[in-house]
Amino acid sequence: MAAYLYRCPERHETTAEAPMGEAPESVHCACGARAARTFTAPMVRSGPRAAHRMRDVAAESAENPRIAHRA
Ligand SMILES: [Zn+2]
């Protein structure tokens with residue numbers, strides 16, 4: 001299994017696990033919108049992307065508390 005990142009039009013991020021190469025193109029976000037799979041490769045651990053991920057996670061935690069409570 002690998003973790004894939006999805007992002008809905010509201011820019012919420014959702015992580016879904018699926019076998020390598022079998023991740024669906026989209027999933028339902030907790031807000032009800034369709035979240036599209038991002039280009040991010042599964043299991044990226046280091047490199048320039050790491051800084052991007054840190055920033056995305058910070059933004060997500062800032063705007064997603066209501067989603068977390070609904071889950
Ligand atoms: Zn959403």
# chains A, B, ... in the order shown; residues from 1 in each chain; ligands from 1
>>> residues_near_ligand(ligand="ligand 1", cutoff="10 Å", atoms="only C-alpha atoms and all ligand atoms", output="PyMOL selection string")
chain A and resi 6-14+28-35+64+67
>>> residues_around(residues="A:Glu22", least_positions_apart="5", cutoff="10 Å", atoms="only C-alpha atoms", output="list in words")
Met1, Ala2 and Glu17 of chain A
>>> write_last_selection(atoms="C-alpha atoms", output="CSV table (one decimal), in the first residue's frame")
chain,number,residue,atom,x,y,z
A,1,MET,CA,0.0,0.0,0.0
A,2,ALA,CA,1.1,3.5,-0.7
A,17,GLU,CA,-4.0,4.4,0.7
